[in-house]
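Heads up: the structure comes next, in structure tokens.
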Amino acid sequence: MNDLIEARLTQVTERVARAAERVGRSPEDIQILPVTKGHSKLAIESIMSLGLNCVGENRVPEAEAKQTELDDTSGLSWHLIGRLQRNKARRAVRLFDVIESVDSLRLAETLSRIVEEEGHEPIETLVQVNPLREVSKAGSSPEQTVSTVRTICHLSGLRVTGLMTMAPFGADEVVLRNVFSKTYELLRQCRDEIPVFEGRVLSMGMSSDFEIAVEEGSTRVRLGTVILGER
């Protein structure tokens, strides 16, 4: 398994680098987040053995089970990238180092309260945006983003480091670039208008569209199949 994952990771790293260089960016500015949803603990152990220090999971129960199975996860940062129900927020705070899918002010307020109740350090979060206002997706609309981010930034239990978005699956290049470029512009707008907003992370791009996302400003690509294979 390790050899195959290593070969795929090498190819992905090269593709990220070429995409960055096409638009005058440094490849070092883009983080690869392996998505281990649906894969066994062996995939996570392989990721760690190859020197990567982060994994993305979509569901709280699955991450919880894997953390129990793994012998040692020291130095590994766990990212929640799937939708979080508020009734699982306390478990998420205990399990994850980063919650990328804060898709509403209500969820942010719940997380902040739990962080304070748990005596936890402020947890790193990204605010999810919905630049095309897709009915099937959660997240702040373009008109609401600055206001929502400003309010969340002042919640004491959270440390907002950037934005996250998901493009429509199977969309053509024109639509993908529209989604990613609009999200990048929202990040810039938040940086300009909210002094306390860190704004250093822009998480966008998955296995089918990550090169376009990098060209449009992504700093973190969430990659599952292209590294780990089919689930």
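Just so we're on the same page: first chain in the structure tokens is A, next is B, and so on; residues restart at 1 for each chain, and ligands are numbered from 1 in the order they show up.
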- prompt: Near Ser40 of chain A, within 10 Å and counting only C-alpha atoms, which residues show up once chain neighbours fewer than 4 positions away are dropped, as an NGL selection string?
  reply: :A and (36 or 44-45 or 62 or 66 or 69 or 231)
Those same residues, written as a compact mmCIF listing (two decimals), in the first residue's frame with all heavy atoms?
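The new file out.txt reads:
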```txt
# COMPACT_ATOMS: atom_id res chain seq x y z
N THR A 36 -9.10 10.88 4.29
CA THR A 36 -9.09 9.45 4.60
C THR A 36 -10.48 8.89 4.85
O THR A 36 -10.63 7.75 5.30
CB THR A 36 -8.18 9.19 5.81
OG1 THR A 36 -8.51 10.10 6.87
CG2 THR A 36 -6.71 9.38 5.44
N ILE A 44 -4.14 5.86 7.01
CA ILE A 44 -3.61 6.95 7.85
C ILE A 44 -2.18 6.65 8.26
O ILE A 44 -1.31 7.53 8.25
CB ILE A 44 -4.52 7.16 9.07
CG1 ILE A 44 -5.91 7.59 8.63
CG2 ILE A 44 -3.91 8.19 10.02
CD1 ILE A 44 -6.91 7.75 9.75
N GLU A 45 -1.90 5.39 8.59
CA GLU A 45 -0.54 5.02 8.96
C GLU A 45 0.41 5.22 7.78
O GLU A 45 1.56 5.66 7.95
CB GLU A 45 -0.51 3.57 9.45
CG GLU A 45 -1.18 3.39 10.80
CD GLU A 45 -1.39 1.94 11.20
OE1 GLU A 45 -1.29 1.06 10.31
OE2 GLU A 45 -1.67 1.69 12.38
N GLU A 62 -16.76 8.23 12.39
CA GLU A 62 -15.68 7.51 11.70
C GLU A 62 -14.31 7.95 12.21
O GLU A 62 -13.43 7.13 12.46
CB GLU A 62 -15.77 7.75 10.19
CG GLU A 62 -14.74 6.95 9.40
CD GLU A 62 -14.89 7.09 7.89
OE1 GLU A 62 -15.98 7.51 7.43
OE2 GLU A 62 -13.92 6.77 7.17
N LYS A 66 -11.45 5.61 14.23
CA LYS A 66 -10.06 5.50 13.76
C LYS A 66 -9.06 5.95 14.82
O LYS A 66 -8.01 5.32 15.00
CB LYS A 66 -9.88 6.30 12.47
CG LYS A 66 -10.55 5.67 11.26
CD LYS A 66 -10.44 6.55 10.04
CE LYS A 66 -11.17 5.93 8.86
NZ LYS A 66 -11.21 6.83 7.70
N GLU A 69 -8.56 3.17 17.14
CA GLU A 69 -7.83 2.03 16.58
C GLU A 69 -6.34 2.31 16.43
O GLU A 69 -5.51 1.40 16.54
CB GLU A 69 -8.39 1.68 15.20
CG GLU A 69 -9.79 1.11 15.21
CD GLU A 69 -10.35 0.95 13.81
OE1 GLU A 69 -9.62 1.26 12.84
OE2 GLU A 69 -11.50 0.51 13.67
N ARG A 231 -12.55 4.26 -2.58
CA ARG A 231 -12.87 3.76 -1.25
C ARG A 231 -13.44 2.34 -1.34
O ARG A 231 -14.10 2.01 -2.28
CB ARG A 231 -13.92 4.68 -0.59
CG ARG A 231 -13.37 6.08 -0.35
CD ARG A 231 -14.42 6.96 0.32
NE ARG A 231 -13.89 8.30 0.52
CZ ARG A 231 -13.96 9.28 -0.38
NH1 ARG A 231 -14.56 9.07 -1.53
NH2 ARG A 231 -13.46 10.47 -0.12
```
message: So that I can check the surroundings of Ser49 of chain A, please list as a list in words every protein, DNA and RNA residue that reaches within 12 Å of it, counting only C-alpha atoms and ignoring chain neighbours fewer than 6 positions away.
response: Met1, Asn2, Asp3, Ile5, Glu6, Leu42, Ala43, Asp72, Thr73, Gly75 and Leu76 of chain A
How would the residues just chosen look if you wrote them out with N, CA, C and O atoms as a PDB file, in the first residue's frame?
```pdb
ATOM      1  N   MET A   1       0.827  -1.220   0.000  1.00  0.00           N
ATOM      2  CA  MET A   1       0.000   0.000   0.000  1.00  0.00           C
ATOM      3  C   MET A   1       0.853   1.259   0.000  1.00  0.00           C
ATOM      4  O   MET A   1       0.600   2.210  -0.729  1.00  0.00           O
ATOM      5  N   ASN A   2       1.915   1.240   0.829  1.00  0.00           N
ATOM      6  CA  ASN A   2       2.750   2.438   0.952  1.00  0.00           C
ATOM      7  C   ASN A   2       3.345   2.877  -0.377  1.00  0.00           C
ATOM      8  O   ASN A   2       3.377   4.073  -0.702  1.00  0.00           O
ATOM      9  N   ASP A   3       3.842   1.897  -1.147  1.00  0.00           N
ATOM     10  CA  ASP A   3       4.499   2.239  -2.413  1.00  0.00           C
ATOM     11  C   ASP A   3       3.517   2.894  -3.376  1.00  0.00           C
ATOM     12  O   ASP A   3       3.863   3.866  -4.064  1.00  0.00           O
ATOM     13  N   ILE A   5       0.652   4.508  -2.625  1.00  0.00           N
ATOM     14  CA  ILE A   5       0.278   5.823  -2.113  1.00  0.00           C
ATOM     15  C   ILE A   5       1.417   6.818  -2.321  1.00  0.00           C
ATOM     16  O   ILE A   5       1.198   7.972  -2.715  1.00  0.00           O
ATOM     17  N   GLU A   6       2.638   6.359  -2.106  1.00  0.00           N
ATOM     18  CA  GLU A   6       3.797   7.245  -2.301  1.00  0.00           C
ATOM     19  C   GLU A   6       3.897   7.687  -3.756  1.00  0.00           C
ATOM     20  O   GLU A   6       4.170   8.868  -4.045  1.00  0.00           O
ATOM     21  N   LEU A  42      -5.008   1.816   8.109  1.00  0.00           N
ATOM     22  CA  LEU A  42      -3.764   1.574   7.382  1.00  0.00           C
ATOM     23  C   LEU A  42      -3.428   2.736   6.450  1.00  0.00           C
ATOM     24  O   LEU A  42      -2.253   3.072   6.256  1.00  0.00           O
ATOM     25  N   ALA A  43      -4.454   3.358   5.879  1.00  0.00           N
ATOM     26  CA  ALA A  43      -4.221   4.508   5.007  1.00  0.00           C
ATOM     27  C   ALA A  43      -3.622   5.661   5.805  1.00  0.00           C
ATOM     28  O   ALA A  43      -2.716   6.352   5.334  1.00  0.00           O
ATOM     29  N   ASP A  72      -0.744   5.377  17.588  1.00  0.00           N
ATOM     30  CA  ASP A  72      -0.075   6.646  17.880  1.00  0.00           C
ATOM     31  C   ASP A  72      -0.434   7.664  16.797  1.00  0.00           C
ATOM     32  O   ASP A  72      -0.147   7.460  15.618  1.00  0.00           O
ATOM     33  N   THR A  73      -1.073   8.750  17.198  1.00  0.00           N
ATOM     34  CA  THR A  73      -1.396   9.818  16.238  1.00  0.00           C
ATOM     35  C   THR A  73      -0.720  11.130  16.636  1.00  0.00           C
ATOM     36  O   THR A  73      -1.129  12.193  16.201  1.00  0.00           O
ATOM     37  N   GLY A  75       1.440  14.240  16.616  1.00  0.00           N
ATOM     38  CA  GLY A  75       1.947  15.019  15.489  1.00  0.00           C
ATOM     39  C   GLY A  75       1.023  15.051  14.295  1.00  0.00           C
ATOM     40  O   GLY A  75       1.340  15.687  13.293  1.00  0.00           O
ATOM     41  N   LEU A  76      -0.133  14.377  14.394  1.00  0.00           N
ATOM     42  CA  LEU A  76      -1.083  14.345  13.287  1.00  0.00           C
ATOM     43  C   LEU A  76      -2.237  15.297  13.568  1.00  0.00           C
ATOM     44  O   LEU A  76      -2.858  15.231  14.621  1.00  0.00           O
TER      45      LEU A  76
END
```
- prompt: Which polymer residues have any atom within 7 Å of an atom of Val127 of chain A, counting only C-alpha atoms, with same-chain residues fewer than 6 positions away left out, as a list in words?
  reply: Glu100, Ser101, Val102, Asp103, Val149, Gly162, Leu163 and Met164 of chain A
- prompt: Which residues, written as a ChimeraX atom specification, have at least one atom at most 7 Å from Pro131 of chain A, with only C-alpha atoms counted and residues fewer than 2 positions away on the same chain left out?
  reply: /A:129,133,141-142,179,182-183
statement: note - atom CA of Pro195 of chain A and atom CA of Asp97 of chain A are separated by 23.8 Å
query: Which residue gives the smallest distance to Val175 of chain A among A:Leu155, A:Ala213, A:Leu187, A:Val160, with only C-alpha atoms counted?
result: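 Among the listed residues, the smallest separation from Val175 of chain A belongs to A:Ala213.
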query: Quick one, how far is atom CA of Ala65 of chain A from atom CA of Gly224 of chain A?
result: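 About the pair atom CA of Ala65 of chain A and atom CA of Gly224 of chain A: they are 18.7 Å apart.
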task: Can you list, as a PyMOL selection string, all residues belonging to segment 81-226 of chain A that DSSP tags as strand (DSSP E)?
output: chain A and resi 98-102+123-128+158-164+201-203+220-223
Next, the residues of the selection above should be written as an mmCIF file, in the first residue's frame with N, CA and C atoms.
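Written output follows (part_24.cif):
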```
data_model
loop_
_atom_site.group_PDB
_atom_site.id
_atom_site.type_symbol
_atom_site.label_atom_id
_atom_site.label_comp_id
_atom_site.auth_asym_id
_atom_site.auth_seq_id
_atom_site.Cartn_x
_atom_site.Cartn_y
_atom_site.Cartn_z
ATOM 1 N N VAL A 98 -8.849 21.031 13.642
ATOM 2 C CA VAL A 98 -9.370 22.066 12.745
ATOM 3 C C VAL A 98 -10.772 21.656 12.310
ATOM 4 N N ILE A 99 -11.706 22.579 12.368
ATOM 5 C CA ILE A 99 -13.046 22.337 11.831
ATOM 6 C C ILE A 99 -13.219 23.273 10.639
ATOM 7 N N GLU A 100 -13.189 22.690 9.441
ATOM 8 C CA GLU A 100 -13.202 23.491 8.218
ATOM 9 C C GLU A 100 -14.618 23.826 7.745
ATOM 10 N N SER A 101 -15.603 23.165 8.312
ATOM 11 C CA SER A 101 -16.950 23.264 7.758
ATOM 12 C C SER A 101 -17.906 24.025 8.675
ATOM 13 N N VAL A 102 -17.481 25.187 9.151
ATOM 14 C CA VAL A 102 -18.374 26.026 9.957
ATOM 15 C C VAL A 102 -19.274 26.781 8.983
ATOM 16 N N ILE A 123 -10.323 26.742 19.104
ATOM 17 C CA ILE A 123 -10.126 25.758 18.038
ATOM 18 C C ILE A 123 -10.072 26.450 16.681
ATOM 19 N N GLU A 124 -9.148 25.991 15.853
ATOM 20 C CA GLU A 124 -9.006 26.589 14.517
ATOM 21 C C GLU A 124 -10.214 26.225 13.663
ATOM 22 N N THR A 125 -10.767 27.208 12.999
ATOM 23 C CA THR A 125 -11.945 26.992 12.166
ATOM 24 C C THR A 125 -11.812 27.746 10.846
ATOM 25 N N LEU A 126 -12.534 27.241 9.852
ATOM 26 C CA LEU A 126 -12.721 27.949 8.594
ATOM 27 C C LEU A 126 -14.210 28.195 8.423
ATOM 28 N N VAL A 127 -14.559 29.313 7.853
ATOM 29 C CA VAL A 127 -15.962 29.611 7.569
ATOM 30 C C VAL A 127 -16.277 29.126 6.153
ATOM 31 N N GLN A 128 -17.287 28.294 6.050
ATOM 32 C CA GLN A 128 -17.684 27.762 4.742
ATOM 33 C C GLN A 128 -18.550 28.774 4.008
ATOM 34 N N LEU A 158 -13.160 30.383 19.217
ATOM 35 C CA LEU A 158 -12.746 30.023 17.863
ATOM 36 C C LEU A 158 -11.598 30.893 17.375
ATOM 37 N N ARG A 159 -10.761 30.305 16.543
ATOM 38 C CA ARG A 159 -9.709 31.051 15.851
ATOM 39 C C ARG A 159 -9.943 30.864 14.361
ATOM 40 N N VAL A 160 -10.437 31.888 13.717
ATOM 41 C CA VAL A 160 -10.832 31.793 12.307
ATOM 42 C C VAL A 160 -9.622 32.104 11.429
ATOM 43 N N THR A 161 -9.146 31.087 10.717
ATOM 44 C CA THR A 161 -7.937 31.278 9.918
ATOM 45 C C THR A 161 -8.206 31.452 8.431
ATOM 46 N N GLY A 162 -9.461 31.271 8.012
ATOM 47 C CA GLY A 162 -9.728 31.445 6.585
ATOM 48 C C GLY A 162 -11.111 30.985 6.179
ATOM 49 N N LEU A 163 -11.235 30.683 4.886
ATOM 50 C CA LEU A 163 -12.506 30.267 4.298
ATOM 51 C C LEU A 163 -12.361 28.905 3.631
ATOM 52 N N MET A 164 -13.505 28.266 3.423
ATOM 53 C CA MET A 164 -13.562 26.975 2.747
ATOM 54 C C MET A 164 -14.764 26.971 1.818
ATOM 55 N N VAL A 201 -5.760 30.988 5.180
ATOM 56 C CA VAL A 201 -6.107 29.675 4.616
ATOM 57 C C VAL A 201 -7.306 29.805 3.687
ATOM 58 N N LEU A 202 -7.162 29.225 2.504
ATOM 59 C CA LEU A 202 -8.273 29.130 1.564
ATOM 60 C C LEU A 202 -8.349 27.674 1.128
ATOM 61 N N SER A 203 -9.272 26.933 1.727
ATOM 62 C CA SER A 203 -9.390 25.495 1.495
ATOM 63 C C SER A 203 -10.409 25.252 0.391
ATOM 64 N N ARG A 220 -5.012 25.255 0.314
ATOM 65 C CA ARG A 220 -5.148 23.886 0.853
ATOM 66 C C ARG A 220 -6.091 23.099 -0.039
ATOM 67 N N VAL A 221 -5.602 21.973 -0.562
ATOM 68 C CA VAL A 221 -6.440 21.123 -1.404
ATOM 69 C C VAL A 221 -6.753 19.838 -0.650
ATOM 70 N N ARG A 222 -8.002 19.413 -0.712
ATOM 71 C CA ARG A 222 -8.486 18.261 0.049
ATOM 72 C C ARG A 222 -8.590 17.061 -0.899
ATOM 73 N N LEU A 223 -7.652 16.134 -0.798
ATOM 74 C CA LEU A 223 -7.496 15.094 -1.812
ATOM 75 C C LEU A 223 -7.632 13.689 -1.232
#
```
Counting only C-alpha atoms, what are the residues of segment 125-207 of chain A within 12 Å of segment 13-28 of chain A, and for each of them which pair of atoms is the nearest and at what distance in Å, to one decimal? Sort the table by chain and rising number, as JSON lines.
```
{"residue": "A:Gly205", "atom": "CA", "partner": "A:Val16", "partner_atom": "CA", "distance": 10.9}
{"residue": "A:Met206", "atom": "CA", "partner": "A:Val16", "partner_atom": "CA", "distance": 11.6}
{"residue": "A:Ser207", "atom": "CA", "partner": "A:Val16", "partner_atom": "CA", "distance": 11.2}
```
task: Counting only C-alpha atoms, figure out which residue out of A:Ala108, A:Ile114, A:Ala171, A:Leu132 gets nearest to His154 of chain A.
output: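 Distance minimum relative to His154 of chain A lands on A:Ala108.
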